Amino acid sequence: YNFLRDKQLIIDNGGVFPGTDPLMLAPEGLYKGIGTLYPYLGAYSYMLFSAFSPSIPIEQFMIWYPALLASLMAIPIYFLTKKLYDKKAGVMTAMLIVFDISIISRTLGGDPDNDGIVLLLPLIIITAFVYLQDYLSKKNKFDIRTITYSVILGIVLAGWTWSWGGYWFVIWIMIGFIVLKPA
């Protein structure tokens, strides 16, 4: 309910989180700052969706939305596994992650928690990082493509840090990859 409430506040306030939730910690409300990425992403997705289908309430949309985010996990995991192994392993890994019982029962089952984005963004970051490292090892120089990949990786990593408090584990994975990578 917390994420749904935040999304509703963003929608009701014209696309900006008001900073304070008036229904928490009465009578003043709870100050939440600017919020996190997940409620903004969900609210803007709903506003775009409701432009085409205004009769569907946000509660119903929030059952479909996490399932959409979870199903998108198949894309980065396919490319990551394809880069590390081969296409067959990529297809198998994509199927295994989407049809994992915990993901089916929660995220694909319509639980409007932030599991979808918490699982999707690290996969995107790690995949982009592996592709950047592969490109750097082949070219062995900095060019515009390296800078572009680095900027994209930085933007996605910043979005990840803004979406969940446990973001740090991805940074440790990247540091471990750099330290353990053979010369």
# chains A, B, ... in the order shown; residues from 1 in each chain; ligands from 1
>>> closest_atom_pairs(of="region 4-92 of chain A", to="region 117-120 of chain A", cutoff="12 Å", atoms="only C-alpha atoms", output="JSON lines")
{"residue": "A:Thr36", "atom": "CA", "partner": "A:Ile117", "partner_atom": "CA", "distance": 11.4}
{"residue": "A:Leu37", "atom": "CA", "partner": "A:Ile117", "partner_atom": "CA", "distance": 9.2}
{"residue": "A:Tyr38", "atom": "CA", "partner": "A:Ile117", "partner_atom": "CA", "distance": 7.0}
{"residue": "A:Pro39", "atom": "CA", "partner": "A:Ile117", "partner_atom": "CA", "distance": 10.5}
{"residue": "A:Tyr40", "atom": "CA", "partner": "A:Ile117", "partner_atom": "CA", "distance": 11.8}
{"residue": "A:Leu41", "atom": "CA", "partner": "A:Ile117", "partner_atom": "CA", "distance": 9.5}
{"residue": "A:Gly42", "atom": "CA", "partner": "A:Ile117", "partner_atom": "CA", "distance": 10.1}
{"residue": "A:Tyr65", "atom": "CA", "partner": "A:Ile117", "partner_atom": "CA", "distance": 10.2}
{"residue": "A:Pro66", "atom": "CA", "partner": "A:Ile117", "partner_atom": "CA", "distance": 7.8}
{"residue": "A:Ala67", "atom": "CA", "partner": "A:Ile117", "partner_atom": "CA", "distance": 10.2}
{"residue": "A:Leu68", "atom": "CA", "partner": "A:Ile117", "partner_atom": "CA", "distance": 10.0}
{"residue": "A:Leu69", "atom": "CA", "partner": "A:Ile117", "partner_atom": "CA", "distance": 6.3}
{"residue": "A:Ala70", "atom": "CA", "partner": "A:Leu120", "partner_atom": "CA", "distance": 6.7}
{"residue": "A:Ser71", "atom": "CA", "partner": "A:Leu120", "partner_atom": "CA", "distance": 8.9}
{"residue": "A:Leu72", "atom": "CA", "partner": "A:Leu120", "partner_atom": "CA", "distance": 7.1}
{"residue": "A:Met73", "atom": "CA", "partner": "A:Leu120", "partner_atom": "CA", "distance": 5.2}
{"residue": "A:Ala74", "atom": "CA", "partner": "A:Leu120", "partner_atom": "CA", "distance": 8.9}
{"residue": "A:Ile75", "atom": "CA", "partner": "A:Leu120", "partner_atom": "CA", "distance": 9.4}
{"residue": "A:Pro76", "atom": "CA", "partner": "A:Leu120", "partner_atom": "CA", "distance": 8.1}
{"residue": "A:Ile77", "atom": "CA", "partner": "A:Leu120", "partner_atom": "CA", "distance": 9.2}
>>> select_by_dssp(residues="region 1-141 of chain A", states="helix (DSSP H, G or I)", output="ChimeraX atom specification")
/A:2-12,37-52,58-71,74-84,87-98,101-105,115-139
>>> atom_distance(atom1="CA of Lys141 (chain A)", atom2="CA of Thr161 (chain A)")
28.5 Å
>>> closest_atom_pairs(of="region 43-111 of chain A", to="region 127-135 of chain A", cutoff="9 Å", atoms="only C-alpha atoms", output="Markdown table")
| residue | atom | partner | partner_atom | distance |
| --- | --- | --- | --- | --- |
| A:Pro76 | CA | A:Thr127 | CA | 6.2 |
| A:Ile77 | CA | A:Thr127 | CA | 7.4 |
| A:Phe79 | CA | A:Thr127 | CA | 7.0 |
| A:Leu80 | CA | A:Thr127 | CA | 5.0 |
| A:Thr81 | CA | A:Thr127 | CA | 8.7 |
| A:Lys83 | CA | A:Tyr131 | CA | 7.7 |
| A:Leu84 | CA | A:Val130 | CA | 8.6 |
>>> atom_distance(atom1="CA of Ser105 (chain A)", atom2="CA of Ile63 (chain A)")
12.6 Å
>>> residues_around(residues="region 21-35 of chain A", least_positions_apart="6", cutoff="10 Å", atoms="only C-alpha atoms", output="mmCIF file with N, CA, C and O atoms, in the first residue's frame")
data_model
loop_
_atom_site.group_PDB
_atom_site.id
_atom_site.type_symbol
_atom_site.label_atom_id
_atom_site.label_comp_id
_atom_site.auth_asym_id
_atom_site.auth_seq_id
_atom_site.Cartn_x
_atom_site.Cartn_y
_atom_site.Cartn_z
ATOM 1 N N ARG A 5 0.273 4.355 -2.465
ATOM 2 C CA ARG A 5 -0.021 5.678 -1.901
ATOM 3 C C ARG A 5 0.945 6.731 -2.457
ATOM 4 O O ARG A 5 0.532 7.824 -2.825
ATOM 5 N N ASP A 6 2.220 6.413 -2.517
ATOM 6 C CA ASP A 6 3.192 7.360 -3.069
ATOM 7 C C ASP A 6 2.887 7.683 -4.533
ATOM 8 O O ASP A 6 2.969 8.835 -4.955
ATOM 9 N N LYS A 7 2.522 6.669 -5.303
ATOM 10 C CA LYS A 7 2.195 6.886 -6.714
ATOM 11 C C LYS A 7 0.952 7.745 -6.852
ATOM 12 O O LYS A 7 0.896 8.639 -7.711
ATOM 13 N N LEU A 9 -0.077 9.979 -4.715
ATOM 14 C CA LEU A 9 0.302 11.351 -4.361
ATOM 15 C C LEU A 9 1.011 12.049 -5.519
ATOM 16 O O LEU A 9 0.791 13.240 -5.761
ATOM 17 N N ILE A 10 1.862 11.325 -6.228
ATOM 18 C CA ILE A 10 2.561 11.905 -7.381
ATOM 19 C C ILE A 10 1.559 12.263 -8.471
ATOM 20 O O ILE A 10 1.617 13.344 -9.060
ATOM 21 N N TRP A 162 18.901 5.381 -6.208
ATOM 22 C CA TRP A 162 17.730 6.172 -5.835
ATOM 23 C C TRP A 162 16.491 5.291 -5.658
ATOM 24 O O TRP A 162 15.470 5.738 -5.170
ATOM 25 N N SER A 163 16.583 4.026 -6.021
ATOM 26 C CA SER A 163 15.390 3.187 -5.965
ATOM 27 C C SER A 163 15.362 2.214 -4.794
ATOM 28 O O SER A 163 14.304 1.775 -4.395
#
>>> atom_distance(atom1="CA of Lys87 (chain A)", atom2="CA of Ile155 (chain A)")
27.7 Å
>>> select_by_dssp(residues="chain A", states="strand (DSSP E or B)", output="list in words")
Thr20, Asp21, Leu30 and Tyr31 of chain A
>>> residues_around(residues="Val151 (chain A)", least_positions_apart="5", cutoff="12 Å", atoms="only C-alpha atoms", output="list in words")
Ile125, Ala128, Phe129, Leu132, Ile144, Arg145, Thr146, Val156, Leu157 and Ala158 of chain A
>>> closest_residue(among="A:Gly14, A:Ile104, A:Ile126, A:Leu136", to="Met174 (chain A)", atoms="only C-alpha atoms")
A:Ile126
>>> closest_residue(among="A:Leu96, A:Ala51, A:Ile58, A:Leu121", to="Tyr167 (chain A)", atoms="only C-alpha atoms")
A:Leu121
>>> decode(residues="region 58-71 of chain A", atoms="all heavy atoms", output="PDB file, in the first residue's frame")
ATOM      1  N   ILE A  58      -5.800   2.960 -10.949  1.00  0.00           N
ATOM      2  CA  ILE A  58      -4.388   2.728 -10.644  1.00  0.00           C
ATOM      3  C   ILE A  58      -4.198   1.434  -9.870  1.00  0.00           C
ATOM      4  O   ILE A  58      -3.190   0.756 -10.025  1.00  0.00           O
ATOM      5  CB  ILE A  58      -3.764   3.922  -9.891  1.00  0.00           C
ATOM      6  CG1 ILE A  58      -2.247   3.721  -9.800  1.00  0.00           C
ATOM      7  CG2 ILE A  58      -4.411   4.135  -8.542  1.00  0.00           C
ATOM      8  CD1 ILE A  58      -1.482   4.913  -9.335  1.00  0.00           C
ATOM      9  N   GLU A  59      -5.166   1.046  -9.044  1.00  0.00           N
ATOM     10  CA  GLU A  59      -5.046  -0.201  -8.279  1.00  0.00           C
ATOM     11  C   GLU A  59      -4.940  -1.405  -9.218  1.00  0.00           C
ATOM     12  O   GLU A  59      -4.180  -2.339  -8.966  1.00  0.00           O
ATOM     13  CB  GLU A  59      -6.232  -0.383  -7.335  1.00  0.00           C
ATOM     14  CG  GLU A  59      -6.300   0.646  -6.234  1.00  0.00           C
ATOM     15  CD  GLU A  59      -6.979   1.944  -6.658  1.00  0.00           C
ATOM     16  OE1 GLU A  59      -7.534   2.012  -7.789  1.00  0.00           O
ATOM     17  OE2 GLU A  59      -6.933   2.900  -5.864  1.00  0.00           O
ATOM     18  N   GLN A  60      -5.705  -1.408 -10.286  1.00  0.00           N
ATOM     19  CA  GLN A  60      -5.659  -2.505 -11.240  1.00  0.00           C
ATOM     20  C   GLN A  60      -4.364  -2.448 -12.059  1.00  0.00           C
ATOM     21  O   GLN A  60      -3.742  -3.479 -12.326  1.00  0.00           O
ATOM     22  CB  GLN A  60      -6.866  -2.454 -12.169  1.00  0.00           C
ATOM     23  CG  GLN A  60      -7.004  -3.670 -13.038  1.00  0.00           C
ATOM     24  CD  GLN A  60      -8.311  -3.655 -13.827  1.00  0.00           C
ATOM     25  OE1 GLN A  60      -9.087  -2.713 -13.744  1.00  0.00           O
ATOM     26  NE2 GLN A  60      -8.527  -4.693 -14.602  1.00  0.00           N
ATOM     27  N   PHE A  61      -3.939  -1.256 -12.435  1.00  0.00           N
ATOM     28  CA  PHE A  61      -2.689  -1.103 -13.173  1.00  0.00           C
ATOM     29  C   PHE A  61      -1.507  -1.602 -12.347  1.00  0.00           C
ATOM     30  O   PHE A  61      -0.584  -2.206 -12.878  1.00  0.00           O
ATOM     31  CB  PHE A  61      -2.488   0.369 -13.555  1.00  0.00           C
ATOM     32  CG  PHE A  61      -1.183   0.646 -14.235  1.00  0.00           C
ATOM     33  CD1 PHE A  61      -0.998   0.327 -15.565  1.00  0.00           C
ATOM     34  CD2 PHE A  61      -0.129   1.215 -13.533  1.00  0.00           C
ATOM     35  CE1 PHE A  61       0.209   0.581 -16.205  1.00  0.00           C
ATOM     36  CE2 PHE A  61       1.078   1.472 -14.162  1.00  0.00           C
ATOM     37  CZ  PHE A  61       1.241   1.154 -15.497  1.00  0.00           C
ATOM     38  N   MET A  62      -1.542  -1.383 -11.036  1.00  0.00           N
ATOM     39  CA  MET A  62      -0.434  -1.773 -10.181  1.00  0.00           C
ATOM     40  C   MET A  62      -0.359  -3.277  -9.965  1.00  0.00           C
ATOM     41  O   MET A  62       0.595  -3.764  -9.371  1.00  0.00           O
ATOM     42  CB  MET A  62      -0.516  -1.050  -8.835  1.00  0.00           C
ATOM     43  CG  MET A  62      -0.191   0.422  -8.949  1.00  0.00           C
ATOM     44  SD  MET A  62       1.256   0.791  -9.950  1.00  0.00           S
ATOM     45  CE  MET A  62       2.514  -0.117  -9.119  1.00  0.00           C
ATOM     46  N   ILE A  63      -1.323  -4.030 -10.430  1.00  0.00           N
ATOM     47  CA  ILE A  63      -1.216  -5.491 -10.441  1.00  0.00           C
ATOM     48  C   ILE A  63      -0.421  -5.925 -11.667  1.00  0.00           C
ATOM     49  O   ILE A  63       0.388  -6.846 -11.609  1.00  0.00           O
ATOM     50  CB  ILE A  63      -2.614  -6.136 -10.415  1.00  0.00           C
ATOM     51  CG1 ILE A  63      -3.266  -5.854  -9.069  1.00  0.00           C
ATOM     52  CG2 ILE A  63      -2.531  -7.626 -10.666  1.00  0.00           C
ATOM     53  CD1 ILE A  63      -4.713  -6.258  -8.994  1.00  0.00           C
ATOM     54  N   TRP A  64      -0.611  -5.248 -12.784  1.00  0.00           N
ATOM     55  CA  TRP A  64       0.080  -5.588 -14.030  1.00  0.00           C
ATOM     56  C   TRP A  64       1.504  -5.057 -14.065  1.00  0.00           C
ATOM     57  O   TRP A  64       2.389  -5.680 -14.640  1.00  0.00           O
ATOM     58  CB  TRP A  64      -0.662  -5.026 -15.235  1.00  0.00           C
ATOM     59  CG  TRP A  64      -2.080  -5.432 -15.358  1.00  0.00           C
ATOM     60  CD1 TRP A  64      -2.666  -6.588 -14.910  1.00  0.00           C
ATOM     61  CD2 TRP A  64      -3.111  -4.691 -15.990  1.00  0.00           C
ATOM     62  NE1 TRP A  64      -3.991  -6.597 -15.229  1.00  0.00           N
ATOM     63  CE2 TRP A  64      -4.301  -5.445 -15.891  1.00  0.00           C
ATOM     64  CE3 TRP A  64      -3.164  -3.471 -16.623  1.00  0.00           C
ATOM     65  CZ2 TRP A  64      -5.509  -5.012 -16.405  1.00  0.00           C
ATOM     66  CZ3 TRP A  64      -4.357  -3.039 -17.141  1.00  0.00           C
ATOM     67  CH2 TRP A  64      -5.513  -3.801 -17.031  1.00  0.00           C
ATOM     68  N   TYR A  65       1.721  -3.886 -13.494  1.00  0.00           N
ATOM     69  CA  TYR A  65       2.986  -3.171 -13.623  1.00  0.00           C
ATOM     70  C   TYR A  65       4.195  -3.949 -13.082  1.00  0.00           C
ATOM     71  O   TYR A  65       5.201  -4.073 -13.779  1.00  0.00           O
ATOM     72  CB  TYR A  65       2.855  -1.801 -12.954  1.00  0.00           C
ATOM     73  CG  TYR A  65       4.081  -0.957 -13.058  1.00  0.00           C
ATOM     74  CD1 TYR A  65       4.506  -0.481 -14.287  1.00  0.00           C
ATOM     75  CD2 TYR A  65       4.819  -0.638 -11.931  1.00  0.00           C
ATOM     76  CE1 TYR A  65       5.645   0.293 -14.388  1.00  0.00           C
ATOM     77  CE2 TYR A  65       5.946   0.130 -12.024  1.00  0.00           C
ATOM     78  CZ  TYR A  65       6.355   0.594 -13.251  1.00  0.00           C
ATOM     79  OH  TYR A  65       7.479   1.353 -13.351  1.00  0.00           O
ATOM     80  N   PRO A  66       4.165  -4.494 -11.857  1.00  0.00           N
ATOM     81  CA  PRO A  66       5.327  -5.263 -11.393  1.00  0.00           C
ATOM     82  C   PRO A  66       5.588  -6.508 -12.244  1.00  0.00           C
ATOM     83  O   PRO A  66       6.736  -6.897 -12.439  1.00  0.00           O
ATOM     84  CB  PRO A  66       4.968  -5.667  -9.960  1.00  0.00           C
ATOM     85  CG  PRO A  66       3.897  -4.750  -9.556  1.00  0.00           C
ATOM     86  CD  PRO A  66       3.177  -4.361 -10.798  1.00  0.00           C
ATOM     87  N   ALA A  67       4.523  -7.111 -12.750  1.00  0.00           N
ATOM     88  CA  ALA A  67       4.698  -8.279 -13.615  1.00  0.00           C
ATOM     89  C   ALA A  67       5.397  -7.880 -14.918  1.00  0.00           C
ATOM     90  O   ALA A  67       6.236  -8.626 -15.433  1.00  0.00           O
ATOM     91  CB  ALA A  67       3.355  -8.927 -13.904  1.00  0.00           C
ATOM     92  N   LEU A  68       5.083  -6.702 -15.434  1.00  0.00           N
ATOM     93  CA  LEU A  68       5.761  -6.205 -16.630  1.00  0.00           C
ATOM     94  C   LEU A  68       7.244  -5.980 -16.350  1.00  0.00           C
ATOM     95  O   LEU A  68       8.102  -6.399 -17.132  1.00  0.00           O
ATOM     96  CB  LEU A  68       5.112  -4.906 -17.115  1.00  0.00           C
ATOM     97  CG  LEU A  68       5.847  -4.191 -18.244  1.00  0.00           C
ATOM     98  CD1 LEU A  68       5.763  -4.995 -19.530  1.00  0.00           C
ATOM     99  CD2 LEU A  68       5.305  -2.803 -18.432  1.00  0.00           C
ATOM    100  N   LEU A  69       7.552  -5.340 -15.220  1.00  0.00           N
ATOM    101  CA  LEU A  69       8.956  -5.116 -14.870  1.00  0.00           C
ATOM    102  C   LEU A  69       9.698  -6.434 -14.686  1.00  0.00           C
ATOM    103  O   LEU A  69      10.838  -6.585 -15.136  1.00  0.00           O
ATOM    104  CB  LEU A  69       9.060  -4.288 -13.585  1.00  0.00           C
ATOM    105  CG  LEU A  69       8.708  -2.814 -13.689  1.00  0.00           C
ATOM    106  CD1 LEU A  69       8.799  -2.159 -12.322  1.00  0.00           C
ATOM    107  CD2 LEU A  69       9.592  -2.104 -14.679  1.00  0.00           C
ATOM    108  N   ALA A  70       9.046  -7.405 -14.036  1.00  0.00           N
ATOM    109  CA  ALA A  70       9.693  -8.700 -13.810  1.00  0.00           C
ATOM    110  C   ALA A  70       9.909  -9.450 -15.117  1.00  0.00           C
ATOM    111  O   ALA A  70      10.926 -10.124 -15.288  1.00  0.00           O
ATOM    112  CB  ALA A  70       8.877  -9.537 -12.846  1.00  0.00           C
ATOM    113  N   SER A  71       8.974  -9.340 -16.029  1.00  0.00           N
ATOM    114  CA  SER A  71       9.153 -10.040 -17.305  1.00  0.00           C
ATOM    115  C   SER A  71      10.263  -9.402 -18.142  1.00  0.00           C
ATOM    116  O   SER A  71      10.902 -10.084 -18.947  1.00  0.00           O
ATOM    117  CB  SER A  71       7.842 -10.074 -18.094  1.00  0.00           C
ATOM    118  OG  SER A  71       7.439  -8.772 -18.436  1.00  0.00           O
TER     119      SER A  71
END
